[in-house]
>>> print(open('my_file.csv').read())   # CSV, C-alpha atoms
chain,number,residue,atom,x,y,z
A,1,MET,CA,0.0,0.0,0.0
A,2,ALA,CA,1.5,3.3,-1.1
A,3,ALA,CA,1.6,6.1,1.4
A,4,THR,CA,0.0,9.2,0.3
A,5,LYS,CA,1.9,12.4,0.9
A,6,LYS,CA,-0.1,15.2,2.6
A,7,PRO,CA,0.8,18.7,1.6
A,8,ALA,CA,2.6,20.6,4.3
A,9,PRO,CA,0.5,23.2,6.0
A,10,SER,CA,1.3,26.7,4.7
A,11,ALA,CA,1.3,30.0,6.4
A,12,PRO,CA,-1.7,32.1,5.9
A,13,GLN,CA,-1.3,34.4,2.9
A,14,HIS,CA,-1.7,38.1,3.4
A,15,ALA,CA,-4.2,39.2,0.7
A,16,GLU,CA,-2.9,42.7,0.2
A,17,PRO,CA,-3.7,44.3,-3.1
A,18,ALA,CA,-0.7,44.7,-5.4
A,19,THR,CA,-0.5,48.4,-5.3
A,20,LYS,CA,1.6,50.3,-7.8
A,21,LEU,CA,4.5,51.9,-6.2
A,22,PRO,CA,5.1,55.6,-6.9
A,23,ASP,CA,8.0,56.6,-9.3
A,24,ASP,CA,9.1,59.4,-7.0
A,25,ARG,CA,12.2,58.4,-5.0
A,26,ARG,CA,11.3,60.7,-2.1
A,27,ALA,CA,7.9,59.0,-1.8
A,28,LEU,CA,9.5,55.6,-2.0
A,29,MET,CA,11.9,56.4,0.8
A,30,ALA,CA,9.0,57.4,3.0
A,31,LEU,CA,7.3,54.1,2.2
A,32,HIS,CA,10.6,52.3,3.0
A,33,ARG,CA,10.9,54.0,6.4
A,34,ALA,CA,7.3,53.0,7.2
A,35,ALA,CA,7.8,49.4,6.2
A,36,ARG,CA,11.1,49.2,8.2
A,37,ARG,CA,9.2,50.6,11.2
A,38,ARG,CA,6.5,47.9,10.8
A,39,ARG,CA,9.1,45.2,10.5
A,40,ASP,CA,11.0,46.4,13.5
A,41,ASN,CA,7.9,46.5,15.6
A,42,ALA,CA,6.6,43.1,14.6
A,43,PRO,CA,7.4,40.1,16.7
A,44,LEU,CA,10.2,37.9,15.6
A,45,MET,CA,9.2,34.9,13.4
A,46,SER,CA,5.7,36.5,12.8
A,47,HIS,CA,3.8,36.7,9.5
A,48,ASP,CA,3.6,40.4,9.9
A,49,ARG,CA,7.4,40.7,10.1
A,50,VAL,CA,7.7,38.5,6.9
A,51,ALA,CA,5.1,40.7,5.1
A,52,ALA,CA,6.9,43.9,6.1
A,53,THR,CA,10.3,42.4,5.0
A,54,LEU,CA,8.8,41.5,1.6
A,55,GLU,CA,7.4,45.0,1.2
A,56,ILE,CA,10.9,46.4,2.0
A,57,GLU,CA,12.3,44.2,-0.7
A,58,ARG,CA,9.7,45.3,-3.3
A,59,ILE,CA,10.4,49.0,-2.5
A,60,GLU,CA,14.2,48.6,-2.7
A,61,VAL,CA,13.9,46.8,-6.1
A,62,HIS,CA,11.8,49.7,-7.4
A,63,ILE,CA,14.2,52.3,-6.0
A,64,ALA,CA,17.1,50.5,-7.7
A,65,ALA,CA,15.2,50.5,-11.0
A,66,ILE,CA,14.6,54.2,-10.8
A,67,GLU,CA,18.2,54.9,-9.9
A,68,ARG,CA,19.5,52.8,-12.9
A,69,ALA,CA,17.2,54.7,-15.3
A,70,MET,CA,18.6,58.1,-14.2
A,71,ASP,CA,20.9,59.9,-16.5
A,72,PRO,CA,23.6,59.4,-15.4
A,73,PRO,CA,22.7,56.4,-13.3
A,74,LEU,CA,23.3,56.6,-9.5
A,75,VAL,CA,24.8,53.1,-9.5
>>> encode(input="my_file.csv", output="structure tokens")
Amino acid sequence: MAATKKPAPSAPQHAEPATKLPDDRRALMALHRAARRRRDNAPLMSHDRVAATLEIERIEVHIAAIERAMDPPLV
């Protein structure tokens, strides 16, 4: 008799709308500060901390894309 493999329980997904980030670097830096504050205030190993960390990543990637597109690029 073959053992059936049960899927591992997954963490609850945060259903946040995929909002478009602004193309203004100053506004992005304000969002970055707010996301860092949420991450730093969230309990360790919590889903809120993970969500804030992923938001920081998303913002940083967008900032880097804007900086690369500048003439001359900042990087």
>>> residues_around(input="my_file.csv", residues="segment 31-48 of chain A", least_positions_apart="5", cutoff="8 Å", atoms="all atoms listed in the file", output="list in words")
Ala11, Thr53, Glu55, Ile56, Ile59 and Glu60 of chain A
>>> atom_distance(input="my_file.csv", atom1="atom CA of His62 of chain A", atom2="atom CA of Asp23 of chain A")
8.1 Å
>>> atom_distance(input="my_file.csv", atom1="atom CA of Pro73 of chain A", atom2="atom CA of Thr19 of chain A")
25.8 Å
>>> atom_distance(input="my_file.csv", atom1="atom CA of Ile66 of chain A", atom2="atom CA of Arg49 of chain A")
25.9 Å
>>> closest_residue(input="my_file.csv", among="A:Ala65, A:Ala52, A:Asp71, A:Arg58", to="Arg25 of chain A", atoms="only C-alpha atoms")
A:Ala65
